[in-house]
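S.K.: This is the content of run.pdb (PDB, C-alpha atoms):
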ATOM      1  CA  MET O   1       0.000   0.000   0.000  1.00  0.00           C
ATOM      2  CA  GLN O   2       1.302   3.425  -0.998  1.00  0.00           C
ATOM      3  CA  THR O   3       1.491   5.712   2.044  1.00  0.00           C
ATOM      4  CA  ILE O   4       2.638   8.977   0.424  1.00  0.00           C
ATOM      5  CA  THR O   5       0.736  10.341  -2.580  1.00  0.00           C
ATOM      6  CA  PRO O   6       1.769  13.421  -4.574  1.00  0.00           C
ATOM      7  CA  PHE O   7      -1.087  15.961  -4.640  1.00  0.00           C
ATOM      8  CA  LEU O   8      -0.918  18.325  -7.635  1.00  0.00           C
ATOM      9  CA  TRP O   9      -2.708  21.689  -7.717  1.00  0.00           C
ATOM     10  CA  PHE O  10      -3.912  22.901 -11.124  1.00  0.00           C
ATOM     11  CA  ASP O  11      -5.738  25.990 -12.316  1.00  0.00           C
ATOM     12  CA  GLY O  12      -8.620  24.412 -14.259  1.00  0.00           C
ATOM     13  CA  LYS O  13      -6.464  21.882 -16.127  1.00  0.00           C
ATOM     14  CA  ALA O  14      -6.471  18.891 -13.754  1.00  0.00           C
ATOM     15  CA  GLU O  15      -8.491  16.616 -16.051  1.00  0.00           C
ATOM     16  CA  GLU O  16      -6.502  17.597 -19.146  1.00  0.00           C
ATOM     17  CA  ALA O  17      -3.191  17.078 -17.310  1.00  0.00           C
ATOM     18  CA  MET O  18      -4.285  13.721 -15.882  1.00  0.00           C
ATOM     19  CA  LYS O  19      -5.263  12.428 -19.336  1.00  0.00           C
ATOM     20  CA  PHE O  20      -2.003  13.716 -20.803  1.00  0.00           C
ATOM     21  CA  TYR O  21       0.198  12.079 -18.154  1.00  0.00           C
ATOM     22  CA  VAL O  22      -1.677   8.760 -18.391  1.00  0.00           C
ATOM     23  CA  SER O  23      -1.106   8.808 -22.170  1.00  0.00           C
ATOM     24  CA  VAL O  24       2.654   9.401 -21.711  1.00  0.00           C
ATOM     25  CA  PHE O  25       3.601   6.771 -19.118  1.00  0.00           C
ATOM     26  CA  LYS O  26       3.342   2.981 -19.341  1.00  0.00           C
ATOM     27  CA  ASN O  27       1.459   1.126 -16.597  1.00  0.00           C
ATOM     28  CA  SER O  28      -0.819   4.122 -16.040  1.00  0.00           C
ATOM     29  CA  LYS O  29      -4.548   4.574 -15.592  1.00  0.00           C
ATOM     30  CA  ILE O  30      -7.225   7.020 -14.544  1.00  0.00           C
ATOM     31  CA  GLY O  31      -8.825   6.322 -11.166  1.00  0.00           C
ATOM     32  CA  SER O  32     -11.718   8.242  -9.656  1.00  0.00           C
ATOM     33  CA  VAL O  33     -12.966  11.686 -10.671  1.00  0.00           C
ATOM     34  CA  THR O  34     -14.994  14.019  -8.444  1.00  0.00           C
ATOM     35  CA  ARG O  35     -16.765  16.938 -10.112  1.00  0.00           C
ATOM     36  CA  TYR O  36     -17.973  20.274  -8.768  1.00  0.00           C
ATOM     37  CA  GLY O  37     -21.718  20.548  -8.161  1.00  0.00           C
ATOM     38  CA  GLU O  38     -24.051  23.517  -7.824  1.00  0.00           C
ATOM     39  CA  ALA O  39     -22.208  24.815  -4.742  1.00  0.00           C
ATOM     40  CA  GLY O  40     -18.907  25.275  -6.624  1.00  0.00           C
ATOM     41  CA  PRO O  41     -16.482  26.882  -6.168  1.00  0.00           C
ATOM     42  CA  GLY O  42     -15.554  25.559  -9.643  1.00  0.00           C
ATOM     43  CA  PRO O  43     -17.929  25.458 -12.607  1.00  0.00           C
ATOM     44  CA  LYS O  44     -20.628  22.795 -12.221  1.00  0.00           C
ATOM     45  CA  GLY O  45     -19.471  19.546 -13.836  1.00  0.00           C
ATOM     46  CA  SER O  46     -15.799  20.477 -13.972  1.00  0.00           C
ATOM     47  CA  VAL O  47     -13.250  18.261 -12.230  1.00  0.00           C
ATOM     48  CA  MET O  48     -12.636  19.043  -8.570  1.00  0.00           C
ATOM     49  CA  THR O  49     -10.255  16.137  -7.833  1.00  0.00           C
ATOM     50  CA  ALA O  50      -9.018  13.160  -9.793  1.00  0.00           C
ATOM     51  CA  THR O  51      -6.852  10.183  -8.936  1.00  0.00           C
ATOM     52  CA  PHE O  52      -4.574   8.468 -11.413  1.00  0.00           C
ATOM     53  CA  LYS O  53      -1.547   6.191 -11.546  1.00  0.00           C
ATOM     54  CA  LEU O  54       1.645   6.773 -13.509  1.00  0.00           C
ATOM     55  CA  GLY O  55       3.990   3.828 -13.687  1.00  0.00           C
ATOM     56  CA  GLY O  56       2.094   2.327 -10.764  1.00  0.00           C
ATOM     57  CA  GLN O  57       2.552   5.475  -8.582  1.00  0.00           C
ATOM     58  CA  GLU O  58      -0.697   7.073  -7.409  1.00  0.00           C
ATOM     59  CA  PHE O  59      -1.280  10.824  -7.822  1.00  0.00           C
ATOM     60  CA  VAL O  60      -4.132  13.182  -6.962  1.00  0.00           C
ATOM     61  CA  ALA O  61      -4.968  16.265  -9.054  1.00  0.00           C
ATOM     62  CA  LEU O  62      -7.043  19.208  -7.824  1.00  0.00           C
ATOM     63  CA  ASN O  63      -8.493  22.122  -9.754  1.00  0.00           C
ATOM     64  CA  GLY O  64      -7.746  24.580  -6.992  1.00  0.00           C
ATOM     65  CA  GLY O  65      -7.513  27.839  -8.923  1.00  0.00           C
ATOM     66  CA  PRO O  66      -4.753  30.329  -9.739  1.00  0.00           C
ATOM     67  CA  GLN O  67      -3.441  30.852  -6.187  1.00  0.00           C
ATOM     68  CA  PHE O  68      -0.493  28.429  -6.457  1.00  0.00           C
ATOM     69  CA  LYS O  69       1.913  27.497  -9.257  1.00  0.00           C
ATOM     70  CA  PHE O  70       4.457  24.708  -9.663  1.00  0.00           C
ATOM     71  CA  THR O  71       8.119  25.597  -9.145  1.00  0.00           C
ATOM     72  CA  GLU O  72      11.400  23.801  -9.781  1.00  0.00           C
ATOM     73  CA  ALA O  73      11.675  23.247  -6.026  1.00  0.00           C
ATOM     74  CA  ILE O  74       9.639  20.062  -6.602  1.00  0.00           C
ATOM     75  CA  SER O  75      10.242  17.680  -9.497  1.00  0.00           C
ATOM     76  CA  PHE O  76       9.588  14.076 -10.427  1.00  0.00           C
ATOM     77  CA  VAL O  77      12.531  11.853 -11.350  1.00  0.00           C
ATOM     78  CA  VAL O  78      11.901   9.241 -14.030  1.00  0.00           C
ATOM     79  CA  ASN O  79      14.564   6.535 -14.302  1.00  0.00           C
ATOM     80  CA  CYS O  80      14.530   5.089 -17.815  1.00  0.00           C
ATOM     81  CA  GLU O  81      15.979   1.779 -18.931  1.00  0.00           C
ATOM     82  CA  THR O  82      16.973   2.808 -22.479  1.00  0.00           C
ATOM     83  CA  GLN O  83      17.983   5.916 -24.396  1.00  0.00           C
ATOM     84  CA  LYS O  84      14.909   5.379 -26.581  1.00  0.00           C
ATOM     85  CA  GLU O  85      12.686   5.660 -23.497  1.00  0.00           C
ATOM     86  CA  VAL O  86      14.543   8.829 -22.403  1.00  0.00           C
ATOM     87  CA  ASP O  87      14.063  10.366 -25.855  1.00  0.00           C
ATOM     88  CA  GLU O  88      10.359   9.449 -26.068  1.00  0.00           C
ATOM     89  CA  LEU O  89       9.513  10.804 -22.604  1.00  0.00           C
ATOM     90  CA  TRP O  90      11.609  13.923 -23.187  1.00  0.00           C
ATOM     91  CA  GLU O  91       9.823  14.657 -26.461  1.00  0.00           C
ATOM     92  CA  LYS O  92       6.328  14.121 -25.059  1.00  0.00           C
ATOM     93  CA  LEU O  93       6.801  15.902 -21.731  1.00  0.00           C
ATOM     94  CA  SER O  94       8.736  18.901 -23.054  1.00  0.00           C
ATOM     95  CA  GLU O  95       6.283  19.649 -25.886  1.00  0.00           C
ATOM     96  CA  GLY O  96       4.741  23.021 -25.066  1.00  0.00           C
ATOM     97  CA  GLY O  97       6.969  23.359 -22.008  1.00  0.00           C
ATOM     98  CA  GLU O  98      10.620  24.259 -21.415  1.00  0.00           C
ATOM     99  CA  GLU O  99      13.705  22.139 -21.956  1.00  0.00           C
ATOM    100  CA  GLY O 100      16.425  22.425 -19.344  1.00  0.00           C
ATOM    101  CA  ARG O 101      19.846  20.904 -18.832  1.00  0.00           C
ATOM    102  CA  CYS O 102      21.017  17.607 -17.402  1.00  0.00           C
ATOM    103  CA  GLY O 103      17.711  15.825 -17.937  1.00  0.00           C
ATOM    104  CA  TRP O 104      15.490  18.583 -16.488  1.00  0.00           C
ATOM    105  CA  LEU O 105      12.386  19.881 -18.218  1.00  0.00           C
ATOM    106  CA  LYS O 106       9.190  21.692 -17.357  1.00  0.00           C
ATOM    107  CA  ASP O 107       6.018  20.386 -19.015  1.00  0.00           C
ATOM    108  CA  LYS O 108       3.212  22.509 -20.480  1.00  0.00           C
ATOM    109  CA  TYR O 109       1.510  22.596 -17.060  1.00  0.00           C
ATOM    110  CA  GLY O 110       4.624  23.946 -15.328  1.00  0.00           C
ATOM    111  CA  LEU O 111       5.504  20.677 -13.554  1.00  0.00           C
ATOM    112  CA  SER O 112       9.236  19.861 -13.436  1.00  0.00           C
ATOM    113  CA  TRP O 113      10.612  16.457 -14.425  1.00  0.00           C
ATOM    114  CA  GLN O 114      14.045  14.850 -14.458  1.00  0.00           C
ATOM    115  CA  ILE O 115      14.284  12.262 -17.226  1.00  0.00           C
ATOM    116  CA  LEU O 116      17.320  10.067 -16.546  1.00  0.00           C
ATOM    117  CA  GLY O 117      18.861   7.132 -18.378  1.00  0.00           C
TER     118      GLY O 117
END
Represent the structure from my file as structure tokens, please.
M.R.:
Amino acid sequence: MQTITPFLWFDGKAEEAMKFYVSVFKNSKIGSVTRYGEAGPGPKGSVMTATFKLGGQEFVALNGGPQFKFTEAISFVVNCETQKEVDELWEKLSEGGEEGRCGWLKDKYGLSWQILG
């Protein structure tokens, strides 16, 4: 049983990000999705929280609003088995984001990753 779960705060893009990440990583799947109702604070029917697994690791996404942004102070390290895997993940995750040095990149949602071979 996983005892520590990363909780990611998004500004209206939690569902989009979850679907993107699940499409990028092997052994990944969407879990449960909770949507806002009449009481809000998000638009009715939009995702409030969502759970998903990437490479078997559970994550939670929240559409919390614009108050908080991702920074490079937190990143996810992905250890790859082959250079092909490094190249594929790098290409997918950096598209629309920012490429860094030494395996670091920031994806289109502002989340930092270290893709290592």
S.K.: Between atom CA of O:Thr34 and atom CA of O:Phe52, measure the distance and give it in Å to one decimal.
M.R.: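 Pair atom CA of O:Thr34 / atom CA of O:Phe52 returns 12.2 Å.
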S.K.: For O:Met1, work out the shell of residues within 12 Å, counting all atoms listed in the file and skipping chain neighbours fewer than 5 positions away, then give it as a list in words.
M.R.: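 Those residues are Gly56, Gln57 and Glu58 of chain O.
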S.K.: Give the answer as one residue: which of O:Ser28, O:Asp11, O:Thr3, O:Gly103 has the shortest atom-to-atom distance to O:Cys80, using only C-alpha atoms?
M.R.: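 Of the candidates, the smallest distance to O:Cys80 is held by O:Gly103.
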S.K.: Can you pull out every residue within 8 Å of stretch 88-100 of chain O, counting all atoms listed in the file, but drop anything in the same chain fewer than 5 positions away, and send it as a compact mmCIF listing (two decimals) with C-alpha atoms, keeping the file's coordinate frame?
M.R.:
# COMPACT_ATOMS: atom_id res chain seq x y z
CA VAL O 24 2.65 9.40 -21.71
CA PHE O 25 3.60 6.77 -19.12
CA LEU O 105 12.39 19.88 -18.22
CA LYS O 106 9.19 21.69 -17.36
CA ASP O 107 6.02 20.39 -19.02
CA LYS O 108 3.21 22.51 -20.48
CA TYR O 109 1.51 22.60 -17.06
CA GLY O 110 4.62 23.95 -15.33
CA ILE O 115 14.28 12.26 -17.23
S.K.: Can you list, as a PyMOL selection string, the residues that the PyMOL selection byres ((chain O and resi 74) around 9) selects here?
M.R.: chain O and resi 70-73+75-76+111-113
S.K.: Using all atoms listed in the file, which residues sit within 10 Å of O:Asn79 once same-chain residues fewer than 4 positions away are excluded, as an NGL selection string?
M.R.: :O and (85-86 or 114-117)
S.K.: Contacts of O:Lys26 at 10 Å or less, counting only C-alpha atoms, minus same-chain residues fewer than 2 places along, as a ChimeraX atom specification?
M.R.: /O:21-24,28-29,53-56
S.K.: Work out how far apart atom CA of O:Pro41 and atom CA of O:Phe20 are and give it in Å to one decimal.
M.R.: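 Atom CA of O:Pro41 sits 24.4 Å away from atom CA of O:Phe20.
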S.K.: Starting from the displayed file, determine the output of the PyMOL selection byres ((chain O and resi 33) around 6) and express the residue list as a list in words.
M.R.: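 Against this file, the PyMOL selection byres ((chain O and resi 33) around 6) returns the residues Ser32, Thr34, Thr49 and Ala50 of chain O.
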S.K.: Considering all atoms listed in the file, can you say which of O:Gly37, O:Gly31, O:Pro66, O:Pro6 comes closest to O:Lys19?
M.R.: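 The shortest atom-to-atom distance to O:Lys19 comes from O:Gly31.
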S.K.: So how far away is atom CA of O:Gly45 from atom CA of O:Gln67, in Å?
M.R.: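 Distance reported for this atom pair: 21.1 Å.
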S.K.: Can you pull out the residues contacting O:Ala14? Cut-off 10 Å, using all atoms listed in the file, and skip same-chain residues under 6 positions away; I want them as number ranges by chain.
M.R.: O: 8, 20, 46-51, 60-64, 109
